[in-house]
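input21.cif, holding mmCIF, C-alpha atoms and all ligand atoms:
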data_run
#
loop_
_atom_site.group_PDB
_atom_site.id
_atom_site.type_symbol
_atom_site.label_atom_id
_atom_site.label_comp_id
_atom_site.auth_asym_id
_atom_site.auth_seq_id
_atom_site.Cartn_x
_atom_site.Cartn_y
_atom_site.Cartn_z
ATOM 1 C CA MET A 1 0.906 -15.271 -0.325
ATOM 2 C CA LYS A 2 3.209 -12.542 -1.647
ATOM 3 C CA LYS A 3 4.479 -10.009 0.900
ATOM 4 C CA ILE A 4 3.432 -6.443 0.146
ATOM 5 C CA ILE A 5 6.143 -3.795 0.101
ATOM 6 C CA ALA A 6 4.525 -0.377 -0.191
ATOM 7 C CA ALA A 7 6.389 2.868 -0.834
ATOM 8 C CA ASN A 8 4.861 6.024 0.584
ATOM 9 C CA TRP A 9 6.614 8.975 -1.009
ATOM 10 C CA LYS A 10 4.497 11.471 0.939
ATOM 11 C CA MET A 11 5.014 15.024 -0.434
ATOM 12 C CA ASN A 12 8.313 14.238 -2.133
ATOM 13 C CA HIS A 13 9.651 13.857 -5.666
ATOM 14 C CA ALA A 14 8.631 15.366 -9.008
ATOM 15 C CA PHE A 15 9.133 14.381 -12.647
ATOM 16 C CA ASP A 16 12.962 14.350 -12.758
ATOM 17 C CA GLU A 17 13.189 12.205 -9.643
ATOM 18 C CA VAL A 18 10.519 9.860 -10.985
ATOM 19 C CA ASP A 19 12.541 9.304 -14.161
ATOM 20 C CA VAL A 20 15.621 8.436 -12.129
ATOM 21 C CA TRP A 21 13.610 6.183 -9.808
ATOM 22 C CA MET A 22 11.839 4.325 -12.612
ATOM 23 C CA ASP A 23 15.064 3.848 -14.608
ATOM 24 C CA GLY A 24 16.727 2.396 -11.542
ATOM 25 C CA PHE A 25 13.707 0.240 -10.825
ATOM 26 C CA PHE A 26 13.490 -1.272 -14.307
ATOM 27 C CA LYS A 27 17.234 -1.938 -14.394
ATOM 28 C CA ASN A 28 16.963 -3.850 -11.144
ATOM 29 C CA TYR A 29 13.751 -5.506 -12.237
ATOM 30 C CA SER A 30 15.357 -7.116 -15.265
ATOM 31 C CA ALA A 31 18.455 -8.117 -13.315
ATOM 32 C CA LYS A 32 16.591 -9.532 -10.300
ATOM 33 C CA TYR A 33 13.337 -10.571 -11.924
ATOM 34 C CA ASP A 34 12.800 -13.817 -10.003
ATOM 35 C CA GLU A 35 13.416 -12.314 -6.566
ATOM 36 C CA LEU A 36 11.266 -9.238 -7.246
ATOM 37 C CA GLN A 37 8.418 -11.420 -8.505
ATOM 38 C CA LYS A 38 8.098 -12.756 -4.983
ATOM 39 C CA VAL A 39 6.802 -9.463 -3.578
ATOM 40 C CA GLU A 40 3.886 -7.200 -4.436
ATOM 41 C CA ILE A 41 5.338 -3.728 -4.877
ATOM 42 C CA VAL A 42 2.966 -0.841 -4.312
ATOM 43 C CA LEU A 43 4.040 2.700 -5.123
ATOM 44 C CA CYS A 44 2.130 5.598 -3.566
ATOM 45 C CA PRO A 45 3.500 8.823 -5.055
ATOM 46 C CA PRO A 46 1.996 12.303 -4.711
ATOM 47 C CA ALA A 47 -1.283 12.449 -6.660
ATOM 48 C CA PHE A 48 0.035 14.707 -9.435
ATOM 49 C CA LEU A 49 2.534 12.011 -10.461
ATOM 50 C CA LEU A 50 0.082 9.141 -10.734
ATOM 51 C CA ASP A 51 -0.891 9.656 -14.362
ATOM 52 C CA TYR A 52 2.733 10.080 -15.426
ATOM 53 C CA ILE A 53 3.834 6.885 -13.698
ATOM 54 C CA ASP A 54 0.746 5.032 -14.900
ATOM 55 C CA SER A 55 1.682 5.856 -18.521
ATOM 56 C CA GLU A 56 5.231 4.584 -18.014
ATOM 57 C CA LEU A 57 3.926 1.348 -16.534
ATOM 58 C CA MET A 58 1.394 1.050 -19.331
ATOM 59 C CA ASP A 59 4.109 1.290 -22.031
ATOM 60 C CA ASP A 60 5.993 -1.450 -20.299
ATOM 61 C CA SER A 61 2.997 -3.747 -20.003
ATOM 62 C CA PHE A 62 2.154 -3.300 -23.720
ATOM 63 C CA ASP A 63 5.386 -5.161 -24.460
ATOM 64 C CA ASP A 64 4.348 -7.924 -22.076
ATOM 65 C CA LEU A 65 0.909 -8.090 -23.659
ATOM 66 C CA GLU A 66 2.463 -8.578 -27.089
ATOM 67 C CA GLU A 67 4.562 -11.431 -25.722
ATOM 68 C CA ILE A 68 1.499 -13.080 -24.185
ATOM 69 C CA MET A 69 -0.460 -12.784 -27.419
ATOM 70 C CA LYS A 70 2.412 -14.281 -29.403
ATOM 71 C CA ARG A 71 2.759 -17.114 -26.898
ATOM 72 C CA ASP A 72 -0.966 -17.914 -26.853
ATOM 73 C CA HIS A 73 -1.491 -17.301 -30.593
ATOM 74 C CA LYS A 74 -4.085 -14.643 -29.896
ATOM 75 C CA LYS A 75 -4.909 -11.253 -31.369
ATOM 76 C CA VAL A 76 -6.054 -8.055 -29.654
ATOM 77 C CA GLU A 77 -9.561 -8.634 -31.060
ATOM 78 C CA ASP A 78 -9.785 -11.883 -29.085
ATOM 79 C CA PHE A 79 -9.967 -9.917 -25.820
ATOM 80 C CA SER A 80 -12.598 -7.580 -24.435
ATOM 81 C CA ALA A 81 -11.479 -4.132 -23.251
ATOM 82 C CA GLU A 82 -11.865 -5.282 -19.620
ATOM 83 C CA GLU A 83 -9.787 -8.387 -20.237
ATOM 84 C CA LEU A 84 -7.061 -6.332 -21.873
ATOM 85 C CA SER A 85 -6.849 -3.849 -19.045
ATOM 86 C CA ALA A 86 -6.937 -6.658 -16.439
ATOM 87 C CA ILE A 87 -4.049 -8.444 -18.195
ATOM 88 C CA MET A 88 -2.058 -5.240 -18.439
ATOM 89 C CA LEU A 89 -2.601 -4.353 -14.790
ATOM 90 C CA GLU A 90 -1.649 -7.875 -13.774
ATOM 91 C CA GLN A 91 1.582 -7.714 -15.775
ATOM 92 C CA ARG A 92 2.815 -4.564 -14.098
ATOM 93 C CA PRO A 93 5.802 -4.925 -11.834
ATOM 94 C CA ILE A 94 4.458 -2.086 -9.696
ATOM 95 C CA ARG A 95 0.944 -1.503 -8.380
ATOM 96 C CA LEU A 96 -0.060 2.116 -7.956
ATOM 97 C CA GLY A 97 -1.659 3.562 -4.856
ATOM 98 C CA GLY A 98 -3.010 6.899 -3.674
ATOM 99 C CA GLN A 99 -1.947 8.444 -0.368
ATOM 100 C CA ASP A 100 -5.499 9.369 0.618
ATOM 101 C CA CYS A 101 -8.981 9.737 -0.832
ATOM 102 C CA HIS A 102 -12.081 11.712 0.065
ATOM 103 C CA HIS A 103 -15.048 9.871 1.547
ATOM 104 C CA GLU A 104 -17.356 11.211 -1.183
ATOM 105 C CA LEU A 105 -16.865 10.121 -4.780
ATOM 106 C CA ALA A 106 -17.352 13.600 -6.280
ATOM 107 C CA GLY A 107 -18.439 17.091 -5.269
ATOM 108 C CA SER A 108 -17.321 20.499 -4.043
ATOM 109 C CA PHE A 109 -14.261 19.458 -2.058
ATOM 110 C CA THR A 110 -11.453 21.788 -3.061
ATOM 111 C CA GLY A 111 -8.039 20.180 -3.024
ATOM 112 C CA ASP A 112 -9.271 16.646 -2.447
ATOM 113 C CA ILE A 113 -9.060 13.562 -4.620
ATOM 114 C CA SER A 114 -11.707 10.850 -4.868
ATOM 115 C CA ALA A 115 -11.431 7.077 -4.983
ATOM 116 C CA THR A 116 -13.041 7.205 -8.439
ATOM 117 C CA MET A 117 -10.247 9.465 -9.676
ATOM 118 C CA LEU A 118 -7.582 7.209 -8.220
ATOM 119 C CA LYS A 119 -9.150 4.236 -9.925
ATOM 120 C CA LYS A 120 -9.281 6.067 -13.254
ATOM 121 C CA VAL A 121 -5.624 6.923 -13.079
ATOM 122 C CA GLY A 122 -4.557 3.302 -12.584
ATOM 123 C CA CYS A 123 -4.491 2.885 -8.803
ATOM 124 C CA GLU A 124 -5.233 -0.454 -7.186
ATOM 125 C CA TYR A 125 -4.497 0.617 -3.601
ATOM 126 C CA VAL A 126 -4.992 3.661 -1.400
ATOM 127 C CA ILE A 127 -3.434 4.517 1.947
ATOM 128 C CA ILE A 128 -6.136 5.668 4.366
ATOM 129 C CA GLY A 129 -5.807 7.088 7.863
ATOM 130 C CA HIS A 130 -2.067 7.679 7.851
ATOM 131 C CA CYS A 131 -1.175 9.356 11.143
ATOM 132 C CA GLU A 132 -0.010 12.449 9.253
ATOM 133 C CA ARG A 133 -3.587 12.766 7.950
ATOM 134 C CA ARG A 134 -5.155 11.862 11.272
ATOM 135 C CA GLU A 135 -3.023 14.533 12.989
ATOM 136 C CA ASN A 136 -2.582 17.293 10.404
ATOM 137 C CA HIS A 137 -6.044 17.022 8.883
ATOM 138 C CA PHE A 138 -7.912 15.983 12.011
ATOM 139 C CA GLU A 139 -9.204 12.762 10.498
ATOM 140 C CA SER A 140 -11.081 10.667 13.013
ATOM 141 C CA SER A 141 -11.475 6.910 12.699
ATOM 142 C CA GLU A 142 -15.106 7.546 11.712
ATOM 143 C CA ILE A 143 -13.945 9.594 8.709
ATOM 144 C CA VAL A 144 -11.362 6.920 7.955
ATOM 145 C CA ALA A 145 -14.131 4.297 7.896
ATOM 146 C CA LYS A 146 -16.094 6.366 5.373
ATOM 147 C CA LYS A 147 -13.007 6.727 3.187
ATOM 148 C CA VAL A 148 -12.437 2.976 3.359
ATOM 149 C CA GLN A 149 -16.011 2.461 2.190
ATOM 150 C CA ALA A 150 -15.440 4.874 -0.714
ATOM 151 C CA ALA A 151 -12.253 3.039 -1.692
ATOM 152 C CA LEU A 152 -13.966 -0.353 -1.586
ATOM 153 C CA SER A 153 -16.843 0.963 -3.709
ATOM 154 C CA GLN A 154 -14.264 1.628 -6.447
ATOM 155 C CA SER A 155 -12.533 -1.746 -5.986
ATOM 156 C CA LEU A 156 -9.435 -0.169 -4.489
ATOM 157 C CA THR A 157 -7.634 -2.020 -1.719
ATOM 158 C CA PRO A 158 -7.371 0.295 1.284
ATOM 159 C CA ILE A 159 -4.197 0.206 3.359
ATOM 160 C CA ILE A 160 -5.652 1.265 6.690
ATOM 161 C CA CYS A 161 -3.055 2.837 8.997
ATOM 162 C CA VAL A 162 -3.200 2.552 12.761
ATOM 163 C CA GLY A 163 -0.689 3.109 15.521
ATOM 164 C CA GLU A 164 -0.212 4.606 18.951
ATOM 165 C CA SER A 165 1.656 7.692 20.141
ATOM 166 C CA LYS A 166 4.637 7.580 22.490
ATOM 167 C CA GLU A 167 2.424 8.605 25.429
ATOM 168 C CA VAL A 168 -0.026 5.779 24.813
ATOM 169 C CA ARG A 169 2.835 3.283 24.512
ATOM 170 C CA ASP A 170 4.439 4.589 27.733
ATOM 171 C CA GLU A 171 1.158 4.016 29.536
ATOM 172 C CA SER A 172 1.045 0.475 28.089
ATOM 173 C CA LYS A 173 -2.313 1.219 26.519
ATOM 174 C CA HIS A 174 -1.155 0.533 22.931
ATOM 175 C CA LEU A 175 -3.069 -2.723 22.462
ATOM 176 C CA GLU A 176 -6.423 -1.332 23.478
ATOM 177 C CA PHE A 177 -5.745 1.898 21.570
ATOM 178 C CA VAL A 178 -4.976 0.081 18.314
ATOM 179 C CA TYR A 179 -7.866 -2.330 18.850
ATOM 180 C CA LYS A 180 -10.288 0.599 19.072
ATOM 181 C CA GLN A 181 -8.699 2.368 16.115
ATOM 182 C CA ILE A 182 -9.148 -0.725 13.937
ATOM 183 C CA LYS A 183 -12.678 -1.330 15.108
ATOM 184 C CA ASP A 184 -13.684 2.280 14.418
ATOM 185 C CA SER A 185 -11.794 2.565 11.108
ATOM 186 C CA ILE A 186 -13.472 -0.409 9.467
ATOM 187 C CA PRO A 187 -16.935 0.272 8.085
ATOM 188 C CA GLN A 188 -19.627 -1.984 9.534
ATOM 189 C CA GLU A 189 -20.838 -3.610 6.356
ATOM 190 C CA ALA A 190 -17.611 -3.672 4.405
ATOM 191 C CA ASN A 191 -16.425 -6.747 2.595
ATOM 192 C CA PHE A 192 -12.792 -6.861 1.641
ATOM 193 C CA THR A 193 -10.999 -8.948 -0.948
ATOM 194 C CA LYS A 194 -7.812 -8.045 0.839
ATOM 195 C CA LEU A 195 -7.843 -6.366 4.215
ATOM 196 C CA VAL A 196 -4.567 -4.519 4.663
ATOM 197 C CA ILE A 197 -3.770 -2.941 8.009
ATOM 198 C CA ALA A 198 -0.526 -1.007 8.392
ATOM 199 C CA TYR A 199 0.671 -0.864 11.976
ATOM 200 C CA GLU A 200 2.721 2.306 12.225
ATOM 201 C CA PRO A 201 3.558 3.476 15.748
ATOM 202 C CA ILE A 202 3.625 7.277 15.514
ATOM 203 C CA TRP A 203 6.811 7.448 17.566
ATOM 204 C CA SER A 204 8.679 5.403 15.008
ATOM 205 C CA ILE A 205 7.671 7.322 11.873
ATOM 206 C CA GLY A 206 10.633 9.246 10.505
ATOM 207 C CA THR A 207 12.510 9.001 13.806
ATOM 208 C CA GLY A 208 14.892 6.110 13.185
ATOM 209 C CA LYS A 209 13.354 4.336 16.200
ATOM 210 C CA THR A 210 11.636 1.011 15.677
ATOM 211 C CA PRO A 211 9.775 -1.214 18.093
ATOM 212 C CA THR A 212 11.490 -4.420 19.154
ATOM 213 C CA VAL A 213 10.728 -7.672 17.385
ATOM 214 C CA ALA A 214 8.673 -8.715 20.424
ATOM 215 C CA GLU A 215 6.658 -5.477 20.335
ATOM 216 C CA ILE A 216 5.812 -5.895 16.648
ATOM 217 C CA ALA A 217 5.015 -9.576 17.200
ATOM 218 C CA GLU A 218 2.649 -8.646 20.045
ATOM 219 C CA MET A 219 0.767 -6.278 17.743
ATOM 220 C CA ALA A 220 0.712 -8.807 14.897
ATOM 221 C CA LYS A 221 -0.850 -11.302 17.278
ATOM 222 C CA LEU A 222 -3.564 -8.835 18.267
ATOM 223 C CA LEU A 223 -4.338 -7.984 14.637
ATOM 224 C CA GLY A 224 -4.476 -11.660 13.694
ATOM 225 C CA LYS A 225 -6.885 -12.243 16.551
ATOM 226 C CA ILE A 226 -9.145 -9.362 15.493
ATOM 227 C CA PHE A 227 -9.163 -10.673 11.953
ATOM 228 C CA ASN A 228 -10.018 -14.217 12.950
ATOM 229 C CA GLU A 229 -12.612 -13.386 15.565
ATOM 230 C CA LYS A 230 -14.312 -10.294 14.232
ATOM 231 C CA LEU A 231 -13.670 -10.077 10.517
ATOM 232 C CA GLN A 232 -13.692 -13.653 9.419
ATOM 233 C CA ASN A 233 -16.390 -13.347 6.794
ATOM 234 C CA ARG A 234 -15.514 -9.895 5.602
ATOM 235 C CA ALA A 235 -12.130 -10.424 3.980
ATOM 236 C CA GLN A 236 -10.659 -13.197 1.892
ATOM 237 C CA GLU A 237 -7.107 -12.335 2.810
ATOM 238 C CA PHE A 238 -5.577 -10.439 5.698
ATOM 239 C CA PHE A 239 -2.282 -8.551 5.606
ATOM 240 C CA MET A 240 -0.499 -6.713 8.365
ATOM 241 C CA LEU A 241 2.166 -4.311 7.172
ATOM 242 C CA TYR A 242 4.657 -2.758 9.551
ATOM 243 C CA GLY A 243 5.641 0.870 8.949
ATOM 244 C CA GLY A 244 7.968 3.295 10.728
ATOM 245 C CA SER A 245 11.705 3.819 10.030
ATOM 246 C CA VAL A 246 12.015 0.732 7.846
ATOM 247 C CA THR A 247 15.397 0.547 6.088
ATOM 248 C CA SER A 248 17.347 -2.112 4.218
ATOM 249 C CA GLN A 249 19.104 -2.773 7.541
ATOM 250 C CA ASN A 250 16.003 -3.819 9.488
ATOM 251 C CA ALA A 251 13.574 -4.965 6.753
ATOM 252 C CA LYS A 252 14.519 -8.655 6.768
ATOM 253 C CA GLU A 253 14.243 -8.984 10.515
ATOM 254 C CA ILE A 254 10.836 -7.293 10.576
ATOM 255 C CA LEU A 255 9.487 -9.318 7.639
ATOM 256 C CA ALA A 256 10.497 -12.509 9.411
ATOM 257 C CA ILE A 257 8.216 -11.762 12.383
ATOM 258 C CA ASP A 258 5.264 -14.097 12.600
ATOM 259 C CA GLY A 259 2.143 -12.339 11.308
ATOM 260 C CA VAL A 260 3.951 -9.545 9.453
ATOM 261 C CA SER A 261 3.017 -9.753 5.796
ATOM 262 C CA GLY A 262 4.643 -6.639 4.428
ATOM 263 C CA LEU A 263 6.099 -3.191 4.982
ATOM 264 C CA LEU A 264 5.023 0.408 4.478
ATOM 265 C CA VAL A 265 8.162 2.370 3.746
ATOM 266 C CA GLY A 266 8.431 6.166 3.860
ATOM 267 C CA LYS A 267 11.820 7.887 3.618
ATOM 268 C CA ALA A 268 13.770 4.808 2.557
ATOM 269 C CA SER A 269 11.520 4.359 -0.472
ATOM 270 C CA LEU A 270 12.625 7.647 -2.035
ATOM 271 C CA ASP A 271 15.934 6.147 -3.055
ATOM 272 C CA VAL A 272 15.313 3.357 -5.544
ATOM 273 C CA GLU A 273 18.435 1.342 -4.711
ATOM 274 C CA GLU A 274 17.590 1.366 -1.012
ATOM 275 C CA PHE A 275 13.985 0.454 -1.776
ATOM 276 C CA ILE A 276 15.018 -2.470 -3.979
ATOM 277 C CA LYS A 277 17.255 -3.769 -1.187
ATOM 278 C CA ILE A 278 14.213 -3.707 1.103
ATOM 279 C CA CYS A 279 12.201 -5.686 -1.468
ATOM 280 C CA LEU A 280 14.814 -8.394 -2.003
HETATM 281 P P1 LIG B 301 9.167 6.368 7.506
HETATM 282 O O1 LIG B 301 7.622 6.629 7.236
HETATM 283 O O2 LIG B 301 9.533 5.069 6.844
HETATM 284 O O3 LIG B 301 9.875 7.550 6.884
HETATM 285 O O4 LIG B 301 9.365 6.309 8.980
HETATM 286 C C1 LIG B 301 6.708 5.564 7.187
HETATM 287 C C2 LIG B 301 5.317 6.087 6.951
HETATM 288 O O5 LIG B 301 4.994 7.182 7.410
HETATM 289 O O6 LIG B 301 4.516 5.432 6.285
#
Could you render the structure from this file as structure tokens?
Amino acid sequence: MKKIIAANWKMNHAFDEVDVWMDGFFKNYSAKYDELQKVEIVLCPPAFLLDYIDSELMDDSFDDLEEIMKRDHKKVEDFSAEELSAIMLEQRPIRLGGQDCHHELAGSFTGDISATMLKKVGCEYVIIGHCERRENHFESSEIVAKKVQAALSQSLTPIICVGESKEVRDESKHLEFVYKQIKDSIPQEANFTKLVIAYEPIWSIGTGKTPTVAEIAEMAKLLGKIFNEKLQNRAQEFFMLYGGSVTSQNAKEILAIDGVSGLLVGKASLDVEEFIKICL
């Protein structure tokens, strides 16, 4: 199972920075192709950049498609439109993700973006319930669950964020807090191809502080238990990402923890060289 390394750019970067980032990425991608193939890279830029990045990725996967057709002695007419777009998505070195979606698929919701729109613009993932949304936009776990349902209805893989505050951790109530958050954030009837939970303690986001290996391992154990006991028949695969002050200095150690199957990277993902080091 490939580890997932997801970049959450939050409200950062515009077109010039994207060009620099993508140039750097593709240079590294050709040079370190085999190593980078081993991880699933998910990029979650601000929504207004999705179409732009999608087009760049599309150009790149056209070249790959031509190679495949040459190799297999096939022509474009031999594929259906769905097959072509599936092949091209599969060939991409980067999967695209949204940073949030509304729980309705369309309607009068000024300023929001729907799961349908994300899907149309080339997304395969969407971050849901990030603590900055839970706090700044007052999103409860019940709302998060509805958003997860919307994402699943559009075949997007939700990256569901959970994590305790410093106060909850100090009171040693983090396990029960996260347990409840997960339980309430997952819609009752949902079936997942991939269930991705990002454990992001609020006190570690953007602070340079990270939990100890033992603390992350304890949470990974709890999540694994919830998956096995409660969600067995509702997801084919289960991933726990860790997020919060991940850098190239601590990424390896965190990825080596039993039960950790990826990372959600904020600030350190803005710089492409630093992000690549995290992926390698
Ligand atoms: P950070 O953010 O890596 O800058 O701490 C992580 C996140 O909020 O997802």
Given the PyMOL selection byres (((chain A and resi 79-87) around 10) and not hetatm), the residues it picks as a list in words: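 This file, filtered by the PyMOL selection byres (((chain A and resi 79-87) around 10) and not hetatm), leaves Met58, Ser61, Phe62, Asp64, Leu65, Ile68, Lys74, Lys75, Val76, Glu77, Asp78, Met88, Leu89, Glu90, Gln91, Arg92 and Gly122 of chain A.
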Between chain A and ligand LIG 301 (chain B), at 8 Å or less, what are the per-residue closest atom pairs and their distances in Å? Count only C-alpha atoms and all ligand atoms, order by chain and rising residue number, and return it as a tab-separated table.
residue	atom	partner	partner_atom	distance
A:Ala7	CA	B:LIG301	O6	7.8
A:Asn8	CA	B:LIG301	O6	5.7
A:Lys10	CA	B:LIG301	O5	7.8
A:His130	CA	B:LIG301	O5	7.1
A:Cys131	CA	B:LIG301	O5	7.5
A:Glu132	CA	B:LIG301	O5	7.5
A:Glu200	CA	B:LIG301	O6	6.9
A:Ser204	CA	B:LIG301	O4	6.1
A:Ile205	CA	B:LIG301	O4	3.5
A:Gly206	CA	B:LIG301	O4	3.5
A:Thr207	CA	B:LIG301	O4	6.4
A:Gly208	CA	B:LIG301	O4	6.9
A:Gly243	CA	B:LIG301	C1	5.1
A:Gly244	CA	B:LIG301	O4	3.8
A:Ser245	CA	B:LIG301	O4	3.6
A:Val246	CA	B:LIG301	O2	5.1
A:Thr247	CA	B:LIG301	O2	7.4
A:Leu264	CA	B:LIG301	O6	5.4
A:Val265	CA	B:LIG301	O2	4.3
A:Gly266	CA	B:LIG301	O2	3.4
A:Lys267	CA	B:LIG301	O3	3.8
A:Ala268	CA	B:LIG301	O2	6.0
A:Ser269	CA	B:LIG301	O2	7.6
Selection near region 156-166 of chain A, 6 Å with only C-alpha atoms, sequence-local residues under 2 positions removed, as a list of chain:residue names: A:Glu124, A:Tyr125, A:Val126, A:Ile127, A:Ile128, A:Gly129, A:His130, A:Ala151, A:Leu152, A:Gln154, A:Val168, A:Arg169, A:His174, A:Val178, A:Val196, A:Ile197, A:Ala198, A:Tyr199, A:Glu200, A:Pro201, A:Ile202, A:Trp203
For C-alpha atoms, I'd like the residues from the last selection saved as an mmCIF file, in the coordinates of the input.
data_model
loop_
_atom_site.group_PDB
_atom_site.id
_atom_site.type_symbol
_atom_site.label_atom_id
_atom_site.label_comp_id
_atom_site.auth_asym_id
_atom_site.auth_seq_id
_atom_site.Cartn_x
_atom_site.Cartn_y
_atom_site.Cartn_z
ATOM 1 C CA GLU A 124 -5.233 -0.454 -7.186
ATOM 2 C CA TYR A 125 -4.497 0.617 -3.601
ATOM 3 C CA VAL A 126 -4.992 3.661 -1.400
ATOM 4 C CA ILE A 127 -3.434 4.517 1.947
ATOM 5 C CA ILE A 128 -6.136 5.668 4.366
ATOM 6 C CA GLY A 129 -5.807 7.088 7.863
ATOM 7 C CA HIS A 130 -2.067 7.679 7.851
ATOM 8 C CA ALA A 151 -12.253 3.039 -1.692
ATOM 9 C CA LEU A 152 -13.966 -0.353 -1.586
ATOM 10 C CA GLN A 154 -14.264 1.628 -6.447
ATOM 11 C CA VAL A 168 -0.026 5.779 24.813
ATOM 12 C CA ARG A 169 2.835 3.283 24.512
ATOM 13 C CA HIS A 174 -1.155 0.533 22.931
ATOM 14 C CA VAL A 178 -4.976 0.081 18.314
ATOM 15 C CA VAL A 196 -4.567 -4.519 4.663
ATOM 16 C CA ILE A 197 -3.770 -2.941 8.009
ATOM 17 C CA ALA A 198 -0.526 -1.007 8.392
ATOM 18 C CA TYR A 199 0.671 -0.864 11.976
ATOM 19 C CA GLU A 200 2.721 2.306 12.225
ATOM 20 C CA PRO A 201 3.558 3.476 15.748
ATOM 21 C CA ILE A 202 3.625 7.277 15.514
ATOM 22 C CA TRP A 203 6.811 7.448 17.566
#
Given the PyMOL selection byres (((chain A and resi 258) around 8) and not hetatm), the residues it picks as a ChimeraX atom specification: /A:217,220,256-257,259-260
Expected selection from the PyMOL selection byres (((chain A and resi 23) around 12) and not hetatm), given as a list in words: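 On the file shown, the PyMOL selection byres (((chain A and resi 23) around 12) and not hetatm) covers Asp16, Glu17, Val18, Asp19, Val20, Trp21, Met22, Gly24, Phe25, Phe26, Lys27, Asn28, Tyr29, Ser30, Ile53, Glu56, Leu57, Asp60, Asp271, Val272 and Glu273 of chain A.
Candidate residues A:Lys146, A:Lys277, A:Arg134, A:Arg95 were compared for distance to Ala115 (chain A), and the nearest is A:Lys146, using all atoms listed in the file.
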Atomic separation - CA of Phe239 (chain A) relative to CA of Phe192 (chain A), Å: 11.4 Å
For CA of Ala150 (chain A) and CA of Tyr179 (chain A), the interatomic separation in Å (one decimal):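 CA of Tyr179 (chain A) lies 22.2 Å from CA of Ala150 (chain A).
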Distance in Å - CA of Ala214 (chain A) versus CA of Lys230 (chain A): 23.9 Å
Who sits within 10 Å of Arg234 (chain A), all atoms listed in the file, same chain under 5 positions skipped, as a ChimeraX atom specification: /A:188-195,227
Within-10 Å shell of (-12.0, 6.6, 16.4) in input frame, all atoms listed in the file, as a PyMOL selection string: chain A and resi 139-145+177-178+180-186
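Residues in contact range of Glu40 (chain A), defined as at most 10 Å between all atoms listed in the file, with sequence neighbours fewer than 3 positions away removed, read Met1, Lys2, Lys3, Ile4, Ile5, Ala6, Leu36, Gln37, Leu43, Pro93, Ile94, Arg95, Gly262 and Cys279 of chain A.
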Among the residues A:Val39, A:Gly224, A:Pro211, A:Asn233, the one that comes closest to Glu253 (chain A) [using all atoms listed in the file]: A:Pro211
